[in-house]
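One file, model_5.cif, carrying mmCIF, C-alpha atoms:
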data_query
#
loop_
_atom_site.label_atom_id
_atom_site.label_comp_id
_atom_site.auth_asym_id
_atom_site.auth_seq_id
_atom_site.Cartn_x
_atom_site.Cartn_y
_atom_site.Cartn_z
CA MET A 1358 29.67 78.61 -41.68
CA SER A 1359 32.74 80.13 -39.98
CA PHE A 1360 32.86 81.86 -36.63
CA PHE A 1361 33.28 85.22 -38.39
CA GLN A 1362 30.26 84.71 -40.62
CA LYS A 1363 28.04 83.68 -37.71
CA ILE A 1364 29.09 86.47 -35.36
CA PHE A 1365 30.12 89.44 -37.47
CA GLY A 1366 28.74 89.07 -41.01
CA SER A 1367 30.75 90.33 -43.95
CA LYS A 1368 30.53 94.12 -43.90
CA LYS A 1369 30.87 95.31 -40.34
CA ILE A 1370 33.94 97.10 -39.01
CA ILE A 1371 34.57 95.79 -35.51
CA GLU A 1372 36.17 98.21 -33.06
CA LYS A 1373 36.59 98.13 -29.31
CA SER A 1374 33.75 100.65 -28.91
CA ASP A 1375 31.36 98.49 -30.97
CA ARG A 1376 31.38 95.52 -28.62
CA LYS A 1377 28.85 95.29 -25.79
CA LYS A 1378 30.33 95.07 -22.34
CA ARG A 1379 30.29 91.57 -20.88
CA PRO A 1380 30.97 90.47 -17.31
CA GLU A 1381 34.69 90.62 -16.57
CA LYS A 1382 34.63 86.98 -15.51
CA SER A 1383 33.87 85.80 -19.05
CA PHE A 1384 37.28 86.99 -20.34
CA LYS A 1385 39.55 85.41 -17.76
CA ALA A 1386 39.89 81.98 -19.36
CA GLU A 1387 40.90 83.17 -22.84
CA ASP A 1388 42.75 79.93 -23.55
CA GLN A 1389 39.36 78.16 -23.64
CA LYS A 1390 38.11 80.25 -26.55
CA PRO A 1391 38.66 79.30 -30.20
CA ILE A 1392 41.78 81.10 -31.42
CA ASP A 1393 39.86 83.09 -34.07
CA GLU A 1394 37.46 84.49 -31.47
CA GLN A 1395 40.34 85.16 -29.09
CA PHE A 1396 42.26 87.03 -31.81
CA VAL A 1397 39.30 89.26 -32.71
CA PHE A 1398 38.67 90.16 -29.07
CA ASN A 1399 42.31 90.95 -28.32
CA PHE A 1400 42.93 92.77 -31.61
CA THR A 1401 39.95 95.09 -31.14
CA GLU A 1402 40.77 95.49 -27.43
CA ASN A 1403 44.19 96.74 -28.53
CA GLY A 1404 42.49 99.41 -30.66
CA GLY A 1405 42.52 97.70 -34.08
CA LYS A 1406 39.73 98.01 -36.65
CA PHE A 1407 38.64 94.64 -38.01
CA LEU A 1408 36.85 94.05 -41.33
CA TYR A 1409 35.78 90.51 -42.13
CA CYS A 1410 35.63 89.68 -45.86
CA GLU A 1411 34.06 86.57 -47.40
CA ASN A 1412 35.75 87.02 -50.79
CA ILE A 1413 38.20 89.18 -52.73
CA GLU A 1414 35.44 91.47 -53.99
CA GLU A 1415 34.55 92.35 -50.41
CA VAL A 1416 38.24 92.95 -49.68
CA LYS A 1417 38.37 95.48 -52.52
CA LYS A 1418 35.09 97.10 -51.48
CA ASN A 1419 36.16 97.48 -47.85
CA PHE A 1420 39.54 98.82 -48.96
CA ASN A 1421 37.80 101.56 -50.94
CA HIS A 1422 35.55 102.33 -47.96
CA ILE A 1423 38.63 102.88 -45.80
CA LEU A 1424 40.02 105.34 -48.33
CA LEU A 1425 36.72 107.22 -48.51
CA GLU A 1426 36.38 107.31 -44.73
CA ASN A 1427 39.82 108.86 -44.42
CA ASN A 1428 39.68 111.13 -47.50
CA CYS A 1429 42.69 109.27 -48.80
CA TYR A 1430 43.80 108.82 -52.41
CA LYS A 1431 45.55 105.82 -53.90
CA ASN A 1432 48.67 107.81 -54.72
CA SER A 1433 49.19 108.51 -51.00
CA ILE A 1434 49.53 104.79 -50.12
CA LEU A 1435 52.91 103.17 -49.59
CA THR A 1436 53.39 99.45 -50.09
CA THR A 1437 56.29 97.06 -50.65
CA SER A 1438 54.00 94.34 -52.05
CA LYS A 1439 53.70 93.88 -55.82
CA ALA A 1440 50.73 91.58 -55.24
CA LEU A 1441 48.81 94.31 -53.37
CA LEU A 1442 49.76 96.92 -55.96
CA SER A 1443 48.08 94.69 -58.53
CA LEU A 1444 45.12 93.65 -56.38
CA PHE A 1445 44.08 97.21 -55.53
CA ARG A 1446 45.34 98.75 -58.79
CA LEU A 1447 47.62 101.20 -57.05
CA PRO A 1448 50.13 103.46 -58.78
CA ALA A 1449 53.75 102.47 -58.27
CA VAL A 1450 55.52 104.68 -55.73
CA ILE A 1451 59.13 105.50 -55.02
CA HIS A 1452 60.14 104.11 -51.63
CA SER A 1453 62.05 106.81 -49.83
CA LYS A 1454 63.52 106.64 -46.34
CA LYS A 1455 61.24 109.45 -45.16
CA ASN A 1456 57.64 108.60 -46.00
CA THR A 1457 55.94 111.68 -44.59
CA LYS A 1458 53.94 112.24 -47.77
CA PHE A 1459 52.15 108.88 -47.47
CA GLU A 1460 48.88 108.62 -45.55
CA PHE A 1461 48.74 104.80 -45.34
CA PHE A 1462 51.06 101.83 -45.37
CA LEU A 1463 49.43 98.85 -47.13
CA SER A 1464 50.89 95.46 -46.33
CA GLU A 1465 50.45 91.79 -45.73
CA CYS A 1466 51.82 90.21 -42.53
CA GLU A 1467 53.28 86.84 -41.62
CA TYR A 1468 50.81 85.83 -38.90
CA LEU A 1469 47.99 87.03 -36.64
CA ILE A 1470 48.62 86.13 -32.98
CA SER A 1471 45.48 85.27 -31.04
CA ASN A 1472 46.64 85.31 -27.42
CA ASP A 1473 47.55 89.01 -27.49
CA GLY A 1474 45.92 90.29 -30.71
CA SER A 1475 49.26 91.20 -32.28
CA LEU A 1476 50.44 91.19 -35.90
CA LEU A 1477 53.76 89.55 -36.79
CA PHE A 1478 55.86 91.03 -39.61
CA THR A 1479 59.26 90.34 -41.16
CA SER A 1480 61.46 91.96 -43.79
CA ASN A 1481 59.24 90.23 -46.38
CA GLN A 1482 56.69 92.95 -45.67
CA LEU A 1483 58.71 95.78 -44.11
CA ALA A 1484 62.04 95.43 -45.94
CA GLU A 1485 64.47 96.95 -43.40
CA LYS A 1486 62.21 99.80 -42.31
CA LYS A 1487 61.48 100.38 -38.64
CA MET A 1488 57.90 101.05 -37.60
CA ASN A 1489 58.64 104.69 -36.85
CA GLU A 1490 59.75 105.15 -40.47
CA LEU A 1491 56.32 104.13 -41.77
CA PRO A 1492 53.05 106.10 -41.90
CA ARG A 1493 50.89 106.06 -38.79
CA ASN A 1494 47.93 104.51 -40.66
CA PHE A 1495 48.14 100.86 -41.70
CA ILE A 1496 45.89 98.72 -43.88
CA ILE A 1497 46.79 95.05 -43.42
CA PHE A 1498 45.52 92.28 -45.70
CA ALA A 1499 45.54 88.81 -44.13
CA LYS A 1500 43.69 85.49 -44.22
CA THR A 1501 42.02 83.49 -41.47
CA SER A 1502 44.51 80.64 -42.02
CA GLN A 1503 47.26 82.97 -40.72
CA ILE A 1504 45.82 83.03 -37.19
CA LEU A 1505 48.12 81.30 -34.70
CA GLU A 1506 47.90 81.01 -30.94
CA THR A 1507 51.21 82.54 -29.78
CA ILE A 1508 54.26 84.43 -31.04
CA SER A 1509 56.29 81.27 -30.36
CA HIS A 1510 54.10 79.40 -32.86
CA GLY A 1511 54.68 82.20 -35.35
CA MET A 1512 58.45 82.04 -34.89
CA THR A 1513 58.38 78.27 -35.32
CA LYS A 1514 56.44 78.66 -38.59
CA ILE A 1515 58.85 81.32 -39.85
CA ASN A 1516 61.85 79.12 -39.06
CA HIS A 1517 60.19 76.20 -40.87
CA ASN A 1518 58.95 78.15 -43.91
CA TYR A 1519 62.19 80.06 -44.46
CA LYS A 1520 64.71 77.53 -43.13
CA ASN A 1521 67.10 78.23 -46.01
CA GLN A 1522 67.04 82.00 -45.41
CA ILE A 1523 65.37 83.33 -42.25
CA PRO A 1524 64.02 86.85 -42.90
CA SER A 1525 65.30 89.75 -40.84
CA ASN A 1526 63.41 92.61 -39.17
CA ILE A 1527 61.03 90.31 -37.26
CA THR A 1528 58.60 92.66 -35.52
CA THR A 1529 55.22 92.60 -33.85
CA ILE A 1530 52.64 95.30 -33.32
CA LYS A 1531 50.80 94.44 -30.14
CA ASN A 1532 49.15 97.65 -29.01
CA PHE A 1533 47.97 100.34 -31.35
CA LYS A 1534 48.76 102.88 -28.64
CA PRO A 1535 51.94 103.52 -26.59
CA LEU A 1536 53.43 100.26 -25.34
CA GLU A 1537 53.35 99.72 -21.58
CA GLU A 1538 56.47 97.57 -21.60
CA ASP A 1539 59.33 96.89 -23.97
CA HIS A 1540 59.67 93.64 -25.88
CA PHE A 1541 62.57 92.71 -28.13
CA LEU A 1542 60.18 91.97 -31.03
CA SER A 1543 58.61 95.44 -30.68
CA TYR A 1544 61.87 97.41 -30.77
CA GLY A 1545 61.57 100.60 -32.83
CA SER A 1546 57.77 100.44 -33.02
CA SER A 1547 55.43 103.41 -32.74
CA PRO A 1548 51.64 103.64 -32.25
CA LYS A 1549 49.70 102.80 -35.41
CA ASN A 1550 46.11 103.15 -36.55
CA ILE A 1551 45.39 99.66 -37.92
CA TYR A 1552 42.70 98.48 -40.32
CA LEU A 1553 42.71 94.70 -40.86
CA LEU A 1554 41.11 93.28 -43.98
CA LEU A 1555 40.67 89.61 -43.04
CA LEU A 1556 39.74 87.21 -45.85
CA GLU A 1557 38.00 83.95 -44.99
CA ASP A 1558 39.98 81.08 -46.53
CA MET A 1559 39.14 78.19 -44.20
#

What do you get writing this file as structure tokens?
Amino acid sequence: MSFFQKIFGSKKIIEKSDRKKRPEKSFKAEDQKPIDEQFVFNFTENGGKFLYCENIEEVKKNFNHILLENNCYKNSILTTSKALLSLFRLPAVIHSKKNTKFEFFLSECEYLISNDGSLLFTSNQLAEKKMNELPRNFIIFAKTSQILETISHGMTKINHNYKNQIPSNITTIKNFKPLEEDHFLSYGSSPKNIYLLLLEDM
């Protein structure tokens, strides 16, 4: 049984406000925690909403719950992923430069970064769009095997996986609120409301 199954179960949305306060001392040595636990803590601390899914059916069910919770319809979702269009049976949309009519951006990501709870994207997911050109609300579909310890590990994986053609527009979302300091990977970002559908595949 995975860490996520033991701690969270399969249907609970984990937010920062859901977690019980623990002594501050217990969070100082984050490098001693398993990277999956560290990612969940940092992601929710950053303001993300985390939904653990044991299988694809739970992914679809939780996706529909997000739409209901936000009074959102499938035709108001923007995505660049043909796989996600098929998975969630979404209508095809015209990708315009100004996406003000869309309520949500649905996407995959390259990696989940445990040491700061960030999400790492490239042009494979975002094309050449900057974060401030996308809707404020995100639904991200990812798998537990995508969790890595640091951004450096993510960059190494990207360089290895795409060594013949490195993707452009490499970007992270670290805080789902105004950033306290600039980072070259976060250039052009804007605060986002993030739902993460995380599928267990390990």

Practice item. Quick one: pull the distance between atom CA of Ser1443 of chain A and atom CA of Lys1514 of chain A, Å, one decimal. Key: 26.9 Å

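Take the candidates A:Ile1515, A:Leu1483, A:Ile1392, A:Ile1413 and check each one against Phe1495 of chain A using all atoms listed in the file; the shortest distance goes to A:Leu1483.
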
Within 7 Å of segment 1471-1482 of chain A, which residues of segment 1490-1524 of chain A show up? Give each one with its shortest atom-to-atom distance in Å (one decimal) and the two atoms involved, counting only C-alpha atoms, rows by chain then rising residue number, as a Markdown table.
| residue | atom | partner | partner_atom | distance |
| --- | --- | --- | --- | --- |
| A:Ile1504 | CA | A:Ser1471 | CA | 6.6 |
| A:Leu1505 | CA | A:Ser1471 | CA | 6.0 |
| A:Glu1506 | CA | A:Ser1471 | CA | 4.9 |
| A:Thr1507 | CA | A:Asn1472 | CA | 5.8 |
| A:Pro1524 | CA | A:Ser1480 | CA | 5.8 |

Exercise for review: Fewer than 3 positions away in the same chain doesn't count, so skip those; otherwise give me all residues within 7 Å of Ser1433 of chain A, counting all atoms listed in the file, as a list in words.
Suggested key: Cys1429, Tyr1430, Lys1458, Phe1459, Glu1460 and Phe1461 of chain A

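The set of residues that the PyMOL selection byres ((chain A and resi 1399) around 10) takes from this file is Lys1373, Glu1387, Glu1394, Gln1395, Phe1396, Val1397, Phe1398, Phe1400, Thr1401, Glu1402, Asn1403, Gly1404, Gly1405, Ile1470, Ser1471, Asn1472, Asp1473, Gly1474, Ser1475, Lys1531 and Asn1532 of chain A.
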
Point to revise | Interatomic distance, atom CA of Asn1419 of chain A to atom CA of Ile1530 of chain A (Å, one decimal) | key: 22.1 Å

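Pairwise distance (atom CA of Ile1551 of chain A, atom CA of Leu1435 of chain A) equals 14.3 Å.
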
Review point. So which residues touch Ser1464 of chain A within 8 Å, counting all atoms listed in the file, skipping near sequence neighbours fewer than 4 positions away, as a ChimeraX atom specification?
Key: /A:1436-1438,1441,1482,1495-1498

Apply the PyMOL selection byres ((chain A and resi 1492) around 7) to the file shown and report the selected residues as a PDB file with C-alpha atoms, in the coordinates of the input.
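Output below, filename result-v3.pdb:
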ATOM      1  CA  ASN A1456      57.640 108.600 -46.000  1.00  0.00           C
ATOM      2  CA  THR A1457      55.940 111.680 -44.590  1.00  0.00           C
ATOM      3  CA  PHE A1459      52.150 108.880 -47.470  1.00  0.00           C
ATOM      4  CA  GLU A1460      48.880 108.620 -45.550  1.00  0.00           C
ATOM      5  CA  PHE A1461      48.740 104.800 -45.340  1.00  0.00           C
ATOM      6  CA  PHE A1462      51.060 101.830 -45.370  1.00  0.00           C
ATOM      7  CA  GLU A1490      59.750 105.150 -40.470  1.00  0.00           C
ATOM      8  CA  LEU A1491      56.320 104.130 -41.770  1.00  0.00           C
ATOM      9  CA  ARG A1493      50.890 106.060 -38.790  1.00  0.00           C
ATOM     10  CA  ASN A1494      47.930 104.510 -40.660  1.00  0.00           C
TER      11      ASN A1494
END

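Restricting the calculation to only C-alpha atoms, the smallest distance between Val1416 of chain A and any of A:Met1512, A:Leu1555, A:Ile1434, A:Ile1527 is found for A:Leu1555.
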
Please return, as a tab-separated table (two decimals) with C-alpha atoms, in the frame of the given file, all polymer residues that have at least one atom within 6 Å of the point (47.3, 101.2, -32.1); use only C-alpha atoms and the file's own coordinate frame.
chain	number	residue	atom	x	y	z
A	1404	GLY	CA	42.49	99.41	-30.66
A	1532	ASN	CA	49.15	97.65	-29.01
A	1533	PHE	CA	47.97	100.34	-31.35
A	1534	LYS	CA	48.76	102.88	-28.64
A	1548	PRO	CA	51.64	103.64	-32.25
A	1549	LYS	CA	49.70	102.80	-35.41
A	1550	ASN	CA	46.11	103.15	-36.55

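Distances to Ala1440 of chain A were evaluated for A:Lys1418, A:Leu1424, A:Tyr1409, A:Glu1465 using all atoms listed in the file, and the minimum falls at A:Glu1465.
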
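Residue nearest Thr1528 of chain A within the list A:Asp1393, A:Glu1485, A:His1510, A:Glu1415: A:Glu1485 [criterion: smallest interatomic distance, only C-alpha atoms].
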